[in-house]
Amino acid sequence: MTSRPATPETVPSGADLAGTLRGWDDAALAHLLRTRPDLATPPPSSITAMATRAGSRASVTHALGQLDRPTLTVAEALAVMSTPSSPTSVRALTGALGFEADDGVAHLLDRALALGSPEAIWLVEGAREVLASAPLGLGPPLRALGLRAADGWPTTKPAVTAALTGAPEPAKRILTALMWGPAVGSFEQVPQPVHWLLGAKLLHRLSDTQVVLPREVALALRGGRLVREVATAAPLAEAPVRDASTVAAEAARAGDSVLQHLDRLTRAWAQDPPPVLRTGGVGVRDVRALAGVLGAEVEHAALIAELAGMLGLVGHHHGGDGSSWAPTAAGLDPEPDPVQDRWAQMVWTWLESARTPWLVGTRTDKGVLRAALAPDLQRSWAPQLRRRVLEALDRWPAGSAPDAAAVQEHLAWHTPRTAPPETTVAAVLAEAAALGLTGAGALSEPGRVLLAAEATPATVAEAFAAGLPPLVEEMFIQGDLTGIVPGRPDPALARLLEATAQVESRGSAMTVRFTPGSVRAALDGGWLPEQILTELGRFSRTGVPQPLEYLVHDTARTHGQLRVGRAASFLRAGQDGVLTALVGEKGLADLGLRLLAPTVAVAEVGPQDLIEALRAAGHSALAEGPDGQVVALGSRQVRASRGLRGGTGSAAGSGARGGSGLRAGSRARGGSGLRAGSGARAGSGVTADGSAGGGMHAGVPAGTVTHSAADDPDALAELIGQMRTGEEQAHRSAGNGHSQDPVYALELLRQAAAGGTQVELVIAGSAGAPEHRRVRPLSVAGGRVRVLDMVKQAELTVAAHRIVSVATQPG
């Protein structure tokens, strides 16, 4: 328990939060800042400034959202049973709630949500306001409804019993349903039993279709008990228990599989990069295409795309066709880290990422479809939610596999006001299963290591490696063109099968099939027929069956009859021999000229560069268009693809796809008759590594979590010292009962409102001149002060920024 100053025997008039906090020692203030870190960001200038923030509705709402169910129940009970002028005690709270309220009261006091002591305690005003609507399921009090108990409303147990004499059973059932909340009932047409309850003054009509059970009547019906029952321990529903070996095997299989899927994505997008949507992200059609490549559901493909973005494996490639999603240099690393290290980096990044992949495919409030890798999937609360879900799963015994409803129920006990919906919990659990943090629904050992306070990427990688099955360097190829790998394939074997075969199934053993398409894909990738057969024979325990040899040779026989090369422009000459001399000219060696025919050559540079180089070497060359007519080649221009207002900040490239499409030539007399033009679309196999052809922007940001001084004990101690110094300086400058400091001025007004005293208020008038008024403050909330002008006897509402100074006056 933190140190807290003793509360005086008599309760002060009004809830003086600032005065209470000024009396706390450093240990108590440090505990407050750790439990309510929003109070430290930005650093408050004084303790009074911190108290003002602590009493604000926003901060109080956040603090109440972090309370567990018993503590929140105690807070709601205080909202019903106490006021600053009429506090209650722990003993009274315990009797009304049916469970010990000591711990709940201590938590509220330590978090500055309540003031006083266990013998006389009340909520701070901000907490009362937040909880005032329906604490413990109770309706509004009679006074708020414009009613009086003296008019015959039954507010005691005997009075309620007497009022229910002769009540029809349907009326009693309706009253029982409303008694424990919610207290408002809605009907399309008010039934007769409700009319009976209205006549007996047990219900009050709010509208033609709504009735409410007044708070005092509900309390009388409850017989002095505020709640029926409260779970004082977090619920752990019964859950199936999985065998440890099953959990480990399933987790290892899922983790290894998701890494393979990331590799397939980078290879697929290197060959065919999907365009970046105008609003960012990847289109639905491209995600579906990726799902086909992975052999998985669309939801899983979206997760893989998001993971690639989190890890920086993909990013924006800016080329002549616009922006596209393509792998970064990290995504195409020819020598990646070991599997366990890559997995540790992946789950670590996922746990800390602000991305929410499960929102892909849902729609915004405006009906816009959310796309994978889109900027609008950032949520600052996502890292905390992931950790909370996994930590909840860790509360069950090892091997337990609770469903999403059980996990959500457990989370709702810890933070009932901010509990995530069951669908969101299910989505996080599904992602954890896909990554191998769970196996068969139970938390895996690597997942448990990841949650440990002393976890490091190395310890997480070690835990995952322990669950991986041993690598195998052999396979069995059968005559029906299938192959079986009895375990997890060695990286070299995996690369061979990825290049030459189609995977049909994965599990404890992997089954592949060799088809004409898979062999053709290997040949397209540069493999030679004999190389394929030699490598397969090296790993196969059964040799290479004759049908597979026939398949490879037959496919190779018809492969490559058409050849495609890379060229950025071409040259055309009217006479033989002209181009032969140019190809051998040393000054033009950097152009990459290659002779295709006596009068046709191609170059590796574009038409503009080619013409400029030829002219610089003394050769006459003109550009020609697609129709063979001579065209004027304009000067180089670089334009931004989008203005800075668009927020891209990217530089634009060329115009049309594949270059300018110009053909250059010369028909001038005495010229060489050279003609230069563009070739086909320049190149394929985009790598997006920031080399030629446009730059690469980093992948989708994983999101950062900012930390306040509350995270660092030394910074916390320094902050408390600064606040105490600021407090002393403000008091010296304020003098006795007078302040021009905005924070202190509002604090003086709050104290005056609580005590019913008068102050001298100086405000800036409409013309800017100061106006002096003697007022009695009535309320201070929402940046506005409501006061009663004692001279004019009229109420006045003043914005806080118009207050020049405040000086206390005798009442």
# chains A, B, ... in the order shown; residues from 1 in each chain; ligands from 1
$ select_by_dssp --residues "range 332-515 of chain A" --states "strand (DSSP E or B)" --output "number ranges by chain"
A: 355, 363, 369, 372, 378, 400, 438-439, 442-443, 471-472, 475-477, 482-485, 488-489, 502-505, 510-513
$ write_last_selection --atoms "C-alpha atoms" --output "tab-separated table (two decimals), in the first residue's frame"
chain	number	residue	atom	x	y	z
A	355	ARG	CA	-1.96	-2.38	-37.40
A	363	ARG	CA	-16.39	-0.80	-44.04
A	369	LEU	CA	-14.15	-0.69	-47.83
A	372	ALA	CA	-5.02	-4.35	-46.70
A	378	GLN	CA	-3.65	2.06	-37.66
A	400	SER	CA	-6.15	-25.16	-22.04
A	438	THR	CA	-1.08	-20.82	-30.10
A	439	GLY	CA	-1.48	-24.44	-31.12
A	442	ALA	CA	-3.82	-23.30	-26.45
A	443	LEU	CA	-0.98	-20.86	-25.77
A	471	LEU	CA	15.14	-30.97	-40.96
A	472	VAL	CA	15.11	-33.76	-43.53
A	475	MET	CA	12.26	-37.29	-50.37
A	476	PHE	CA	10.52	-40.17	-52.10
A	477	ILE	CA	9.57	-39.58	-55.75
A	482	THR	CA	4.26	-37.20	-56.78
A	483	GLY	CA	6.88	-36.78	-54.11
A	484	ILE	CA	6.72	-37.14	-50.34
A	485	VAL	CA	9.01	-35.33	-47.92
A	488	ARG	CA	10.32	-30.44	-42.54
A	489	PRO	CA	12.41	-30.05	-45.70
A	502	GLN	CA	3.38	-27.87	-56.76
A	503	VAL	CA	2.72	-28.42	-53.06
A	504	GLU	CA	-0.45	-30.46	-52.54
A	505	SER	CA	-0.43	-30.80	-48.76
A	510	MET	CA	4.72	-32.72	-47.33
A	511	THR	CA	3.30	-33.99	-50.61
A	512	VAL	CA	4.24	-32.40	-53.93
A	513	ARG	CA	3.32	-33.08	-57.56
$ residues_around --residues "Thr48 in chain A" --least-positions-apart "4" --cutoff "9 Å" --atoms "only C-alpha atoms" --output "PDB file with N, CA and C atoms, in the first residue's frame"
ATOM      1  N   LEU A  17      -9.435  18.247  -4.372  1.00  0.00           N
ATOM      2  CA  LEU A  17      -8.490  17.278  -4.914  1.00  0.00           C
ATOM      3  C   LEU A  17      -7.078  17.844  -4.916  1.00  0.00           C
ATOM      4  N   ALA A  18      -6.937  19.105  -5.329  1.00  0.00           N
ATOM      5  CA  ALA A  18      -5.600  19.698  -5.377  1.00  0.00           C
ATOM      6  C   ALA A  18      -4.989  19.767  -3.987  1.00  0.00           C
ATOM      7  N   GLY A  19      -5.785  20.194  -3.001  1.00  0.00           N
ATOM      8  CA  GLY A  19      -5.260  20.275  -1.644  1.00  0.00           C
ATOM      9  C   GLY A  19      -4.861  18.919  -1.105  1.00  0.00           C
ATOM     10  N   LEU A  21      -3.812  16.274  -2.931  1.00  0.00           N
ATOM     11  CA  LEU A  21      -2.595  15.808  -3.607  1.00  0.00           C
ATOM     12  C   LEU A  21      -1.374  16.588  -3.161  1.00  0.00           C
ATOM     13  N   ARG A  22      -1.543  17.839  -2.789  1.00  0.00           N
ATOM     14  CA  ARG A  22      -0.400  18.610  -2.298  1.00  0.00           C
ATOM     15  C   ARG A  22       0.144  18.021  -0.992  1.00  0.00           C
ATOM     16  N   PRO A  44       2.974  18.130 -16.169  1.00  0.00           N
ATOM     17  CA  PRO A  44       2.281  19.262 -15.545  1.00  0.00           C
ATOM     18  C   PRO A  44       3.267  20.197 -14.859  1.00  0.00           C
ATOM     19  N   THR A  52      -5.843  19.322 -11.547  1.00  0.00           N
ATOM     20  CA  THR A  52      -6.856  19.774 -12.502  1.00  0.00           C
ATOM     21  C   THR A  52      -7.046  18.763 -13.607  1.00  0.00           C
ATOM     22  N   ARG A  53      -5.936  18.239 -14.104  1.00  0.00           N
ATOM     23  CA  ARG A  53      -6.021  17.207 -15.150  1.00  0.00           C
ATOM     24  C   ARG A  53      -6.632  15.923 -14.596  1.00  0.00           C
ATOM     25  N   MET A 723       7.284  19.503 -10.205  1.00  0.00           N
ATOM     26  CA  MET A 723       5.929  19.916  -9.844  1.00  0.00           C
ATOM     27  C   MET A 723       5.914  20.602  -8.481  1.00  0.00           C
ATOM     28  N   GLU A 727       4.811  24.347  -7.820  1.00  0.00           N
ATOM     29  CA  GLU A 727       3.749  24.627  -6.845  1.00  0.00           C
ATOM     30  C   GLU A 727       4.167  25.763  -5.912  1.00  0.00           C
ATOM     31  N   VAL A 743      -4.522  27.994 -14.006  1.00  0.00           N
ATOM     32  CA  VAL A 743      -4.798  26.766 -13.265  1.00  0.00           C
ATOM     33  C   VAL A 743      -5.244  27.093 -11.849  1.00  0.00           C
ATOM     34  N   TYR A 744      -4.514  27.994 -11.199  1.00  0.00           N
ATOM     35  CA  TYR A 744      -4.860  28.343  -9.816  1.00  0.00           C
ATOM     36  C   TYR A 744      -6.158  29.133  -9.753  1.00  0.00           C
ATOM     37  N   GLU A 747      -8.841  26.707  -9.816  1.00  0.00           N
ATOM     38  CA  GLU A 747      -8.879  25.966  -8.563  1.00  0.00           C
ATOM     39  C   GLU A 747      -9.551  26.799  -7.472  1.00  0.00           C
TER      40      GLU A 747
END
$ residues_around --residues "Ala200 in chain A" --least-positions-apart "2" --cutoff "9 Å" --atoms "only C-alpha atoms" --output "list in words"
Trp153, Ala163, Leu164, His195, Trp196, Leu197, Leu198, Leu202 and Leu203 of chain A
$ write_last_selection --atoms "all heavy atoms" --output "short mmCIF file (atom, residue, chain, number, x, y, z; two decimals), in the first residue's frame"
data_model
loop_
_atom_site.label_atom_id
_atom_site.label_comp_id
_atom_site.auth_asym_id
_atom_site.auth_seq_id
_atom_site.Cartn_x
_atom_site.Cartn_y
_atom_site.Cartn_z
N TRP A 153 -44.38 8.30 -2.94
CA TRP A 153 -43.52 7.31 -3.58
C TRP A 153 -42.94 6.39 -2.50
O TRP A 153 -42.40 6.87 -1.50
CB TRP A 153 -42.39 7.99 -4.34
CG TRP A 153 -42.87 8.64 -5.60
CD1 TRP A 153 -43.30 9.92 -5.73
CD2 TRP A 153 -43.01 8.03 -6.88
NE1 TRP A 153 -43.70 10.17 -7.01
CE2 TRP A 153 -43.53 9.01 -7.75
CE3 TRP A 153 -42.77 6.76 -7.38
CZ2 TRP A 153 -43.80 8.77 -9.09
CZ3 TRP A 153 -43.02 6.51 -8.72
CH2 TRP A 153 -43.53 7.50 -9.55
N ALA A 163 -47.18 -1.26 -1.16
CA ALA A 163 -47.61 -0.84 -2.49
C ALA A 163 -47.85 -2.02 -3.42
O ALA A 163 -48.66 -1.95 -4.35
CB ALA A 163 -46.57 0.09 -3.09
N LEU A 164 -47.14 -3.13 -3.18
CA LEU A 164 -47.28 -4.30 -4.05
C LEU A 164 -48.43 -5.22 -3.62
O LEU A 164 -48.65 -6.25 -4.26
CB LEU A 164 -45.97 -5.09 -4.06
CG LEU A 164 -44.83 -4.49 -4.89
CD1 LEU A 164 -43.55 -5.26 -4.67
CD2 LEU A 164 -45.20 -4.48 -6.37
N HIS A 195 -49.51 -0.13 -16.48
CA HIS A 195 -50.47 0.88 -16.02
C HIS A 195 -50.73 0.71 -14.53
O HIS A 195 -50.85 1.69 -13.79
CB HIS A 195 -51.78 0.78 -16.81
CG HIS A 195 -51.69 1.37 -18.19
ND1 HIS A 195 -51.52 2.72 -18.42
CD2 HIS A 195 -51.74 0.79 -19.43
CE1 HIS A 195 -51.48 2.95 -19.73
NE2 HIS A 195 -51.61 1.79 -20.36
N TRP A 196 -50.81 -0.55 -14.07
CA TRP A 196 -51.04 -0.79 -12.64
C TRP A 196 -49.86 -0.26 -11.82
O TRP A 196 -50.05 0.40 -10.78
CB TRP A 196 -51.20 -2.29 -12.40
CG TRP A 196 -51.68 -2.61 -11.01
CD1 TRP A 196 -52.96 -2.83 -10.60
CD2 TRP A 196 -50.85 -2.73 -9.84
NE1 TRP A 196 -53.01 -3.07 -9.26
CE2 TRP A 196 -51.72 -3.01 -8.76
CE3 TRP A 196 -49.50 -2.62 -9.59
CZ2 TRP A 196 -51.26 -3.20 -7.45
CZ3 TRP A 196 -49.03 -2.78 -8.29
CH2 TRP A 196 -49.91 -3.07 -7.24
N LEU A 197 -48.60 -0.52 -12.30
CA LEU A 197 -47.41 -0.05 -11.58
C LEU A 197 -47.31 1.47 -11.58
O LEU A 197 -46.85 2.08 -10.61
CB LEU A 197 -46.15 -0.66 -12.20
CG LEU A 197 -46.00 -2.19 -12.05
CD1 LEU A 197 -44.86 -2.71 -12.92
CD2 LEU A 197 -45.74 -2.54 -10.59
N LEU A 198 -47.74 2.09 -12.68
CA LEU A 198 -47.74 3.55 -12.73
C LEU A 198 -48.73 4.12 -11.71
O LEU A 198 -48.44 5.10 -11.02
CB LEU A 198 -48.09 4.03 -14.14
CG LEU A 198 -47.05 3.79 -15.23
CD1 LEU A 198 -47.61 4.09 -16.61
CD2 LEU A 198 -45.80 4.64 -14.99
N LEU A 202 -44.99 3.04 -8.49
CA LEU A 202 -43.77 2.23 -8.48
C LEU A 202 -42.93 2.49 -9.73
O LEU A 202 -41.72 2.25 -9.74
CB LEU A 202 -44.12 0.75 -8.39
CG LEU A 202 -44.72 0.31 -7.06
CD1 LEU A 202 -45.34 -1.07 -7.18
CD2 LEU A 202 -43.66 0.32 -5.97
N LEU A 203 -43.56 2.95 -10.80
CA LEU A 203 -42.88 3.34 -12.02
C LEU A 203 -43.29 4.76 -12.38
O LEU A 203 -44.35 5.24 -11.97
CB LEU A 203 -43.23 2.41 -13.18
CG LEU A 203 -42.77 0.95 -13.10
CD1 LEU A 203 -43.19 0.20 -14.36
CD2 LEU A 203 -41.27 0.86 -12.91
#
$ select_by_dssp --residues "range 259-443 of chain A" --states "alpha helix (DSSP H)" --output "PyMOL selection string"
chain A and resi 259-271+284-294+298-310+339-352+382-394+404-414+422-435
$ residues_around --residues "range 783-789 of chain A" --least-positions-apart "2" --cutoff "10 Å" --atoms "only C-alpha atoms" --output "JSON, numbers by chain"
{"A": [746, 749, 750, 753, 758, 759, 761, 773, 774, 775, 776, 777, 778, 779, 780, 781, 791, 792, 793, 794, 795, 796, 797, 798, 799, 800, 801, 802, 803]}
$ residues_around --residues "Ser207 in chain A" --least-positions-apart "2" --cutoff "12 Å" --atoms "only C-alpha atoms" --output "PyMOL selection string"
chain A and resi 184-190+204-205+209-212
$ residues_around --residues "range 227-242 of chain A" --least-positions-apart "5" --cutoff "10 Å" --atoms "only C-alpha atoms" --output "VMD selection string"
chain A and resid 68 to 71 73 77 96 to 100 136 to 137 180 219 222 247 392 to 393 395 to 403 405 to 407 409 to 414 439 to 442
$ residues_around --residues "Gly255 in chain A" --least-positions-apart "5" --cutoff "7 Å" --atoms "only C-alpha atoms" --output "PyMOL selection string"
chain A and resi 343+435-436
$ atom_distance --atom1 "CA of Ala715 in chain A" --atom2 "CA of Asp25 in chain A"
16.6 Å
